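Participant: I'm passing along structure.tsv; it holds TSV, C-alpha atoms.
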chain	number	residue	atom	x	y	z
A	27	ALA	CA	39.37	-248.34	11.19
A	28	ILE	CA	37.13	-245.77	9.55
A	29	LYS	CA	37.30	-242.37	11.25
A	30	ARG	CA	34.23	-240.21	11.73
A	31	ALA	CA	35.77	-237.52	9.54
A	32	ASP	CA	35.95	-240.17	6.78
A	33	LEU	CA	32.20	-240.71	7.12
A	34	LYS	CA	31.64	-237.00	6.54
A	35	ASN	CA	33.86	-237.11	3.46
A	36	THR	CA	32.08	-240.19	2.11
A	37	TYR	CA	28.69	-238.53	2.43
A	38	GLU	CA	29.91	-235.36	0.74
A	39	THR	CA	31.71	-237.05	-2.17
A	40	ASN	CA	29.67	-240.18	-2.92
A	41	ALA	CA	26.58	-239.21	-4.95
A	42	PRO	CA	24.55	-242.41	-4.31
A	43	ALA	CA	25.11	-242.19	-0.54
A	44	TRP	CA	24.26	-238.48	-0.56
A	45	GLY	CA	21.10	-239.07	-2.59
A	46	ILE	CA	19.79	-241.93	-0.46
A	47	VAL	CA	20.48	-240.21	2.86
A	48	ASN	CA	18.92	-236.93	1.72
A	49	LYS	CA	15.82	-238.63	0.32
A	50	ILE	CA	15.19	-240.21	3.72
A	51	ALA	CA	16.06	-236.96	5.53
A	52	LYS	CA	13.49	-234.94	3.57
A	53	ALA	CA	10.78	-237.47	4.42
A	54	VAL	CA	11.72	-237.40	8.12
A	55	GLY	CA	11.76	-233.59	8.12
A	56	GLU	CA	8.21	-233.69	6.84
A	57	MET	CA	7.24	-236.12	9.62
A	58	PHE	CA	8.59	-233.71	12.24
A	59	THR	CA	5.89	-231.23	11.25
A	60	PHE	CA	3.24	-233.89	11.95
A	61	LEU	CA	4.45	-234.67	15.49
A	62	GLU	CA	1.68	-234.01	18.03
A	63	LEU	CA	1.87	-233.96	21.82
A	64	GLN	CA	-0.49	-236.07	23.94
A	65	LYS	CA	-0.90	-236.46	27.72
A	66	TRP	CA	-2.14	-239.47	29.63
A	67	ASN	CA	-5.08	-238.57	31.89
A	68	GLY	CA	-5.32	-241.95	33.57
A	69	LYS	CA	-7.77	-243.40	31.07
A	70	GLU	CA	-6.71	-242.24	27.63
A	71	TRP	CA	-4.34	-240.00	25.71
A	72	GLU	CA	-5.50	-236.41	25.30
A	73	ASP	CA	-4.22	-233.98	22.69
A	74	VAL	CA	-2.19	-231.05	24.00
A	75	GLU	CA	-2.40	-227.89	21.89
A	76	GLU	CA	-0.03	-225.60	23.83
A	77	HIS	CA	3.14	-226.57	25.67
A	78	TRP	CA	6.76	-225.44	25.84
A	79	LEU	CA	7.78	-228.79	24.31
A	80	LEU	CA	5.80	-227.91	21.20
A	81	ASP	CA	7.32	-224.42	21.13
A	82	LEU	CA	10.81	-225.92	21.29
A	83	LEU	CA	10.04	-228.45	18.57
A	84	ARG	CA	8.52	-225.85	16.23
A	85	HIS	CA	11.34	-223.35	16.74
A	86	PRO	CA	14.51	-225.20	17.86
A	87	ASN	CA	16.82	-222.19	17.46
A	88	ASP	CA	17.33	-218.96	15.54
A	89	ARG	CA	18.57	-220.78	12.38
A	90	TYR	CA	16.39	-223.86	12.11
A	91	ASN	CA	12.67	-224.45	11.78
A	92	CYS	CA	11.10	-227.78	12.68
A	93	LYS	CA	11.42	-229.36	9.21
A	94	ARG	CA	15.03	-228.28	8.63
A	95	PHE	CA	16.03	-229.48	12.10
A	96	GLY	CA	14.46	-232.86	11.35
A	97	GLU	CA	16.39	-233.11	8.09
A	98	GLY	CA	19.69	-232.20	9.75
A	99	TRP	CA	19.13	-234.62	12.62
A	100	THR	CA	18.38	-237.43	10.17
A	101	ILE	CA	21.43	-236.78	7.99
A	102	THR	CA	23.67	-236.82	11.07
A	103	ARG	CA	21.96	-239.93	12.40
A	104	LEU	CA	22.25	-241.86	9.10
A	105	VAL	CA	25.82	-240.81	8.27
A	106	TYR	CA	27.43	-241.35	11.68
A	107	GLY	CA	25.03	-243.85	13.23
A	108	ASP	CA	24.23	-241.34	15.97
A	109	ALA	CA	22.99	-237.78	16.37
A	110	THR	CA	23.81	-235.52	19.32
A	111	VAL	CA	21.55	-232.62	20.26
A	112	TYR	CA	22.67	-229.90	22.66
A	113	SER	CA	19.66	-228.70	24.63
A	114	PRO	CA	20.45	-227.22	28.06
A	115	LYS	CA	17.75	-227.14	30.72
A	116	LEU	CA	16.68	-223.87	32.28
A	117	ILE	CA	16.72	-222.95	35.96
A	118	GLY	CA	14.52	-220.76	38.13
A	119	LYS	CA	10.81	-220.52	37.37
A	120	GLU	CA	11.26	-222.53	34.19
A	121	LEU	CA	13.30	-225.24	35.92
A	122	GLY	CA	13.84	-228.28	33.73
A	123	GLN	CA	12.39	-226.73	30.58
A	124	GLY	CA	14.22	-226.21	27.31
A	125	LYS	CA	14.24	-223.13	25.11
A	126	GLU	CA	16.67	-224.11	22.34
A	127	MET	CA	18.45	-227.08	20.84
A	128	TYR	CA	21.33	-227.40	18.39
A	129	LEU	CA	22.75	-230.26	16.36
A	130	ILE	CA	26.41	-231.03	17.04
A	131	PRO	CA	28.28	-232.18	13.89
A	132	GLY	CA	29.00	-235.88	14.28
A	133	HIS	CA	32.70	-235.63	13.42
A	134	ARG	CA	33.18	-233.08	16.21
A	135	VAL	CA	31.59	-235.10	19.01
A	136	GLY	CA	34.30	-236.33	21.37
A	137	ILE	CA	33.23	-238.76	24.12
A	138	GLU	CA	34.66	-238.16	27.60
A	139	LYS	CA	34.64	-241.53	29.33
A	140	GLY	CA	34.24	-241.92	33.07
A	141	GLY	CA	34.46	-244.72	35.58
A	142	TYR	CA	32.38	-247.78	36.37
A	143	ARG	CA	29.51	-245.88	38.02
A	144	ALA	CA	29.43	-243.10	35.41
A	145	PRO	CA	30.72	-244.56	32.11
A	146	MET	CA	30.24	-241.27	30.24
A	147	LYS	CA	31.27	-238.01	31.82
A	148	GLY	CA	29.96	-236.06	28.86
A	149	ILE	CA	31.10	-234.83	25.46
A	150	LYS	CA	33.45	-232.20	24.09
A	151	VAL	CA	32.98	-230.42	20.79
A	152	THR	CA	36.36	-230.92	19.16
A	153	GLY	CA	37.99	-228.46	16.80
A	154	GLY	CA	38.25	-225.53	19.18
A	155	LYS	CA	41.24	-224.41	21.24
A	156	GLN	CA	39.82	-225.30	24.64
A	157	PRO	CA	36.62	-227.34	24.25
A	158	GLU	CA	34.41	-227.33	27.33
A	159	LEU	CA	32.86	-230.47	28.77
A	160	ILE	CA	29.11	-230.75	28.11
A	161	GLU	CA	27.45	-232.85	30.78
A	162	PRO	CA	24.81	-235.51	29.92
A	163	LYS	CA	22.05	-233.36	31.44
A	164	ASP	CA	22.54	-230.79	28.67
A	165	PHE	CA	22.47	-233.08	25.63
A	166	PHE	CA	20.86	-236.23	24.32
A	167	MET	CA	22.10	-238.73	21.77
A	168	SER	CA	20.12	-240.97	19.41
A	169	PHE	CA	22.08	-243.92	18.06
A	170	ASN	CA	22.15	-247.38	16.50
A	171	TYR	CA	23.19	-250.18	18.78
A	172	ASN	CA	26.95	-250.77	18.63
A	173	LEU	CA	28.42	-254.23	19.33
A	174	ASP	CA	31.68	-252.57	20.39
A	175	ASP	CA	31.19	-252.23	24.14
A	176	ALA	CA	34.16	-249.84	24.34
A	177	SER	CA	32.44	-247.28	22.12
A	178	PHE	CA	29.65	-244.85	22.96
A	179	TYR	CA	29.01	-244.04	19.31
A	180	GLY	CA	26.40	-245.70	17.16
A	181	THR	CA	27.09	-247.99	14.21
A	182	SER	CA	27.13	-246.05	10.96
A	183	PRO	CA	25.37	-247.66	7.96
A	184	LEU	CA	28.18	-246.23	5.82
A	185	VAL	CA	30.68	-248.40	7.70
A	186	VAL	CA	28.53	-251.46	7.02
A	187	ALA	CA	28.31	-250.49	3.35
A	188	ALA	CA	32.00	-249.51	3.03
A	189	ILE	CA	32.87	-252.26	0.54
A	190	TYR	CA	29.95	-251.32	-1.70
A	191	LEU	CA	30.84	-247.64	-1.57
A	192	SER	CA	34.36	-248.60	-2.62
A	193	ILE	CA	32.94	-250.46	-5.64
A	194	ILE	CA	30.92	-247.40	-6.60
A	195	ASP	CA	33.94	-245.09	-6.29
A	196	LYS	CA	36.22	-247.43	-8.28
A	197	GLY	CA	33.59	-247.88	-10.97
A	198	MET	CA	33.16	-244.13	-11.38
A	199	ALA	CA	36.93	-243.62	-11.43
A	200	ARG	CA	37.32	-246.31	-14.11
A	201	GLN	CA	34.68	-244.66	-16.27
A	202	ASP	CA	36.35	-241.26	-15.85
A	203	VAL	CA	39.71	-242.68	-16.98
A	204	SER	CA	38.04	-244.36	-19.95
A	205	LEU	CA	36.47	-241.07	-21.00
A	206	GLN	CA	39.71	-239.11	-20.58
A	207	ASN	CA	41.86	-241.59	-22.48
A	208	GLY	CA	39.37	-242.33	-25.20
A	209	GLY	CA	39.42	-246.06	-24.49
A	210	PRO	CA	39.08	-248.85	-27.06
A	211	SER	CA	36.05	-247.39	-28.79
A	212	ALA	CA	36.67	-248.98	-32.24
A	213	ILE	CA	38.60	-251.61	-34.18
A	214	ILE	CA	40.21	-250.99	-37.61
A	215	THR	CA	40.45	-253.88	-40.09
A	216	PRO	CA	41.52	-254.17	-43.75
A	217	LYS	CA	38.69	-253.85	-46.23
A	218	ALA	CA	38.48	-256.85	-48.50
A	219	ASP	CA	38.58	-256.53	-52.30
A	220	ASN	CA	39.50	-252.85	-52.22
A	221	LEU	CA	42.65	-251.15	-53.42
A	222	GLY	CA	44.15	-248.29	-51.52
A	223	VAL	CA	46.72	-245.70	-52.56
A	224	MET	CA	49.87	-247.07	-54.16
A	225	PRO	CA	52.74	-247.10	-51.61
A	226	ALA	CA	54.90	-244.86	-53.80
A	227	SER	CA	52.29	-242.11	-53.99
A	228	ALA	CA	50.84	-242.32	-50.43
A	229	ASP	CA	53.16	-239.64	-48.99
A	230	GLN	CA	52.57	-237.37	-51.98
A	231	VAL	CA	48.77	-237.65	-51.59
A	232	THR	CA	49.08	-236.90	-47.84
A	233	GLU	CA	51.10	-233.77	-48.57
A	234	GLU	CA	48.61	-232.59	-51.20
A	235	LEU	CA	45.70	-233.07	-48.78
A	236	ASN	CA	47.28	-231.24	-45.85
A	237	GLY	CA	49.76	-228.78	-47.29
A	238	LYS	CA	52.15	-227.51	-44.65
A	239	ASP	CA	49.72	-228.11	-41.71
A	240	VAL	CA	51.19	-230.42	-39.09
A	241	LYS	CA	48.27	-230.71	-36.67
A	242	GLY	CA	45.11	-232.56	-37.56
A	243	GLN	CA	46.54	-234.08	-40.73
A	244	ILE	CA	44.51	-236.33	-43.02
A	245	LYS	CA	46.53	-239.48	-43.64
A	246	ALA	CA	46.36	-241.33	-46.97
A	247	LEU	CA	46.59	-245.04	-46.14
A	248	ARG	CA	48.13	-247.57	-48.48
A	249	THR	CA	45.28	-250.06	-48.03
A	250	ALA	CA	41.53	-249.63	-47.64
A	251	ILE	CA	40.17	-250.07	-44.09
A	252	GLU	CA	36.88	-250.53	-42.18
A	253	LEU	CA	36.02	-248.95	-38.81
A	254	HIS	CA	33.99	-251.08	-36.36
A	255	GLN	CA	32.47	-249.21	-33.38
A	256	LEU	CA	32.62	-251.22	-30.16
A	257	GLY	CA	30.45	-249.14	-27.84
A	258	VAL	CA	31.02	-250.02	-24.17
A	259	SER	CA	33.93	-252.38	-23.58
A	260	PRO	CA	33.42	-255.70	-21.73
A	261	VAL	CA	35.41	-254.33	-18.78
A	262	ASP	CA	33.18	-251.26	-18.57
A	263	LEU	CA	30.08	-253.44	-18.79
A	264	GLY	CA	31.29	-255.34	-15.73
A	265	ILE	CA	31.89	-252.09	-13.88
A	266	LEU	CA	28.39	-250.85	-14.65
A	267	ALA	CA	26.86	-254.13	-13.44
A	268	SER	CA	28.81	-254.10	-10.16
A	269	HIS	CA	28.03	-250.39	-9.74
A	270	LYS	CA	24.29	-251.10	-9.88
A	271	GLU	CA	24.60	-254.05	-7.49
A	272	ALA	CA	26.50	-251.83	-5.05
A	273	ILE	CA	23.75	-249.20	-5.17
A	274	THR	CA	21.14	-251.92	-4.62
A	275	ALA	CA	23.07	-253.08	-1.54
A	276	LEU	CA	23.31	-249.49	-0.29
A	277	CYS	CA	19.53	-249.13	-0.63
A	278	PHE	CA	19.17	-252.38	1.32
A	279	VAL	CA	21.41	-251.10	4.11
A	280	TYR	CA	19.26	-247.97	4.42
A	281	ASP	CA	16.05	-249.98	3.92
A	282	ILE	CA	14.57	-248.03	1.02
A	283	PRO	CA	13.09	-249.41	-2.25
A	284	VAL	CA	15.74	-249.37	-4.97
A	285	ASP	CA	13.10	-248.05	-7.40
A	286	LEU	CA	13.09	-244.79	-5.45
A	287	TYR	CA	16.77	-244.33	-6.33
A	288	TYR	CA	16.52	-245.24	-10.00
A	289	GLY	CA	13.11	-243.61	-10.50
A	290	GLN	CA	11.80	-246.78	-12.14
A	291	SER	CA	8.51	-246.97	-10.28
A	292	LYS	CA	5.56	-247.10	-12.60
A	293	TYR	CA	2.84	-244.54	-12.04
A	294	GLU	CA	0.62	-246.99	-10.18
A	295	ASN	CA	3.53	-248.12	-7.95
A	296	ALA	CA	4.98	-244.67	-7.21
A	297	LYS	CA	2.60	-244.13	-4.29
A	298	GLU	CA	3.44	-247.55	-2.84
A	299	ALA	CA	7.18	-246.84	-3.10
A	300	LYS	CA	6.78	-243.51	-1.30
A	301	LYS	CA	4.50	-245.14	1.25
A	302	ALA	CA	7.21	-247.72	1.95
A	303	LEU	CA	9.75	-244.91	2.47
A	304	TYR	CA	7.49	-243.30	5.07
A	305	GLU	CA	6.55	-246.51	6.87
A	306	THR	CA	10.02	-248.08	7.03
A	307	ASN	CA	12.15	-244.96	7.51
A	308	ALA	CA	10.49	-241.60	8.04
A	309	ILE	CA	7.95	-242.46	10.74
A	310	PRO	CA	10.24	-244.79	12.77
A	311	LEU	CA	13.06	-242.22	12.76
A	312	ALA	CA	10.71	-239.40	13.76
A	313	ASN	CA	9.39	-241.59	16.60
A	314	GLU	CA	12.97	-242.34	17.69
A	315	PHE	CA	13.78	-238.66	17.95
A	316	ALA	CA	10.50	-237.98	19.78
A	317	ALA	CA	11.22	-240.67	22.39
A	318	ASP	CA	14.77	-239.41	23.05
A	319	PHE	CA	13.56	-235.79	23.09
A	320	LEU	CA	10.92	-236.48	25.78
A	321	SER	CA	13.27	-238.72	27.78
A	322	HIS	CA	15.89	-235.96	27.91
A	323	PHE	CA	13.43	-233.68	29.70
A	324	GLY	CA	11.97	-236.47	31.85
A	325	MET	CA	8.56	-236.13	30.19
A	326	ASP	CA	8.26	-239.61	28.70
A	327	ILE	CA	5.95	-241.06	31.36
A	328	ASP	CA	2.96	-238.71	31.19
A	329	TYR	CA	3.51	-237.40	27.65
A	330	ARG	CA	4.13	-238.79	24.21
A	331	LEU	CA	4.89	-237.31	20.79
A	332	VAL	CA	3.29	-239.19	17.92
A	333	VAL	CA	3.21	-238.70	14.16
A	334	ASN	CA	-0.35	-237.95	13.07
A	335	THR	CA	-0.51	-240.28	10.08
A	336	ASP	CA	-4.03	-239.06	9.24
A	337	LYS	CA	-2.42	-235.90	7.83
A	338	ILE	CA	-0.11	-237.80	5.47
A	339	SER	CA	-1.96	-238.12	2.18
A	340	VAL	CA	0.20	-240.91	0.73
A	341	LEU	CA	-0.69	-243.18	3.66
A	342	GLN	CA	-4.43	-242.80	3.18
A	343	ASP	CA	-6.55	-245.31	1.32
A	344	ASP	CA	-7.73	-244.30	-2.12
A	345	PRO	CA	-11.34	-243.00	-1.81
A	346	SER	CA	-12.48	-245.17	-4.71
A	347	ASP	CA	-11.00	-248.26	-3.01
A	348	VAL	CA	-12.85	-247.45	0.22
A	349	LEU	CA	-16.17	-247.10	-1.60
A	350	ASP	CA	-15.54	-250.30	-3.54
A	351	ASN	CA	-14.88	-252.27	-0.34
A	352	LEU	CA	-17.96	-250.85	1.39
A	353	THR	CA	-20.09	-251.73	-1.63
A	354	LYS	CA	-18.80	-255.31	-1.69
A	355	MET	CA	-19.68	-255.76	2.00
A	356	HIS	CA	-23.19	-254.31	1.37
A	357	ALA	CA	-22.61	-251.44	3.80
A	358	THR	CA	-25.46	-249.09	4.67
A	359	LEU	CA	-25.77	-245.65	3.16
A	360	ASN	CA	-24.86	-244.07	6.49
A	361	GLU	CA	-21.75	-246.25	6.78
A	362	LYS	CA	-20.63	-245.00	3.37
A	363	ARG	CA	-21.42	-241.40	4.32
A	364	GLU	CA	-19.45	-241.77	7.57
A	365	ALA	CA	-16.42	-243.08	5.66
A	366	TYR	CA	-16.41	-239.89	3.57
A	367	GLY	CA	-17.05	-237.53	6.48
A	368	TYR	CA	-20.71	-236.78	5.79
A	369	GLU	CA	-23.49	-236.51	8.37
A	370	PRO	CA	-25.82	-239.56	8.63
A	371	ARG	CA	-29.30	-239.52	7.08
A	372	PRO	CA	-32.16	-239.75	9.65
A	373	GLU	CA	-34.36	-242.07	7.56
A	374	PRO	CA	-34.56	-245.70	8.80
A	375	TRP	CA	-33.71	-247.08	5.35
A	376	ALA	CA	-30.33	-245.32	5.49
A	377	ASP	CA	-29.25	-247.86	8.14
A	378	LEU	CA	-30.26	-250.93	6.13
A	379	PRO	CA	-27.76	-253.00	4.12
A	380	MET	CA	-27.59	-251.99	0.47
A	381	VAL	CA	-28.08	-255.40	-1.18
A	382	PRO	CA	-28.42	-255.79	-4.96
A	383	MET	CA	-31.82	-257.10	-6.06
A	384	ALA	CA	-30.30	-260.17	-7.72
A	385	THR	CA	-28.68	-261.34	-4.46
A	386	VAL	CA	-30.31	-264.46	-2.92
A	387	PHE	CA	-29.75	-265.37	0.74
A	388	GLY	CA	-29.98	-268.88	2.21
A	389	GLY	CA	-32.99	-269.61	4.49
A	390	GLU	CA	-36.60	-270.54	4.13
A	391	GLY	CA	-37.71	-271.40	0.65
A	392	VAL	CA	-34.18	-272.33	-0.50
A	393	ASN	CA	-33.28	-276.00	-0.79
A	394	ASP	CA	-30.05	-277.28	0.68
A	395	ILE	CA	-27.71	-278.69	-1.96
A	396	ASP	CA	-27.79	-282.09	-0.22
A	397	GLU	CA	-31.56	-282.10	0.24
A	398	ALA	CA	-33.40	-284.50	-2.10
A	399	GLU	CA	-36.19	-282.90	-4.09
A	400	GLU	CA	-39.62	-284.59	-4.05
Could you quickly redo this structure as structure tokens?
Facilitator:
Amino acid sequence: AIKRADLKNTYETNAPAWGIVNKIAKAVGEMFTFLELQKWNGKEWEDVEEHWLLDLLRHPNDRYNCKRFGEGWTITRLVYGDATVYSPKLIGKELGQGKEMYLIPGHRVGIEKGGYRAPMKGIKVTGGKQPELIEPKDFFMSFNYNLDDASFYGTSPLVVAAIYLSIIDKGMARQDVSLQNGGPSAIITPKADNLGVMPASADQVTEELNGKDVKGQIKALRTAIELHQLGVSPVDLGILASHKEAITALCFVYDIPVDLYYGQSKYENAKEAKKALYETNAIPLANEFAADFLSHFGMDIDYRLVVNTDKISVLQDDPSDVLDNLTKMHATLNEKREAYGYEPRPEPWADLPMVPMATVFGGEGVNDIDEAEE
């Protein structure tokens, strides 16, 4: 079985895993800054500008800002399959509110199991001399579903991808050994129709070329030779192929476009690749945190935290595409102005369809294609 400390080591020592996880984490951290609080008034959701929940989200503790906390939460969540946040609730006048929250390193989260009625007593932060029990009311955990009903941890994507990570590690190790040992980089063959140095004089020529030097000698061969460079060996070619397939599988496990890893997106597709990263990873993960965050404080019925996608430029339609679509549907001038944030024109003609002069509509004066002409 893979231990949680092994997951930490894998993340810290496997460059592809580190790169993929951090790319997602940076995108999620950005989404945290776009989280906005709304309250249900009985008819619709209203924006809330000031609230202690927003204060806590913007300034989680004395070390982390909102973006950095989002990045850390995501890295923990993607490496271990779960992320535990310590956020004790206040008492007195501020009963039930939170003033700070801290990430607990995944490899230090120890689950204290209970009985049938209370399966989890709480958690203990391992590594200290006498770790204290933290009750469920003072922390919340986000996690992947785990088929193991005896475990309270989530399922780590790194466990799922363990075989592919092993291929990557073995491939890199094989390449390192090849570089250190030189490897079969060339083949030497006799050169046809060429005479070398006569056997009797070969040693004498070698001595004349090198003198008394022992190291780095130039050797006079008795026959002429040719040197054929091989480049990458067949074995190494196989390693490189499997290495790329393993990285592709790792991208699949984390649900990101492989082009984002290799940087192969063409200019016109770069925006689509980044858009896919936001839509399939960043926004869903930010929403997951938001739901668990509100549920921890019992605020998930009347309030909701949502990512304001209108502020994310990569998710917006290209202005030229919007104008092109409006033109094709013969939109009015005011409809086009509204799409670009301009005030409407008061003239009546501004609300009429903008139809090209060459366009002909069906109706009176136009014969049906099946109608016989007189």
Participant: Find the residue from A:Phe58, A:Trp66, A:Tyr190, A:Tyr288 that sits nearest to Leu276 (chain A); use only C-alpha atoms when measuring.
Facilitator: A:Tyr190
Participant: Any idea what the distance is between CA of Ala41 (chain A) and CA of Ala302 (chain A)?
Facilitator: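 About the pair CA of Ala41 (chain A) and CA of Ala302 (chain A): they are 22.3 Å apart.
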Participant: Between CA of Glu161 (chain A) and CA of Arg30 (chain A), what is the distance in Å, rounded to a tenth?
Facilitator: 21.5 Å
Participant: Excluding Ile101 (chain A) and its own-chain neighbours fewer than 6 positions away, which residues fall within 10 Å of it when counting only C-alpha atoms? Please give them as a PDB file with C-alpha atoms, keeping the file's coordinate frame.
Facilitator:
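New file result_9.pdb:
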ATOM      1  CA  TYR A  37      28.690-238.530   2.430  1.00  0.00           C
ATOM      2  CA  TRP A  44      24.260-238.480  -0.560  1.00  0.00           C
ATOM      3  CA  VAL A  47      20.480-240.210   2.860  1.00  0.00           C
ATOM      4  CA  ASN A  48      18.920-236.930   1.720  1.00  0.00           C
ATOM      5  CA  LYS A  49      15.820-238.630   0.320  1.00  0.00           C
ATOM      6  CA  ILE A  50      15.190-240.210   3.720  1.00  0.00           C
ATOM      7  CA  ALA A  51      16.060-236.960   5.530  1.00  0.00           C
ATOM      8  CA  LYS A  52      13.490-234.940   3.570  1.00  0.00           C
ATOM      9  CA  VAL A  54      11.720-237.400   8.120  1.00  0.00           C
ATOM     10  CA  PHE A  95      16.030-229.480  12.100  1.00  0.00           C
ATOM     11  CA  GLY A 107      25.030-243.850  13.230  1.00  0.00           C
ATOM     12  CA  ASP A 108      24.230-241.340  15.970  1.00  0.00           C
ATOM     13  CA  ALA A 109      22.990-237.780  16.370  1.00  0.00           C
ATOM     14  CA  GLY A 132      29.000-235.880  14.280  1.00  0.00           C
TER      15      GLY A 132
END
Participant: Expressed in Å to a single decimal, how great is the separation between CA of Asn87 (chain A) and CA of Met127 (chain A)?
Facilitator: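 Interatomic distance, CA of Asn87 (chain A) to CA of Met127 (chain A): 6.2 Å.
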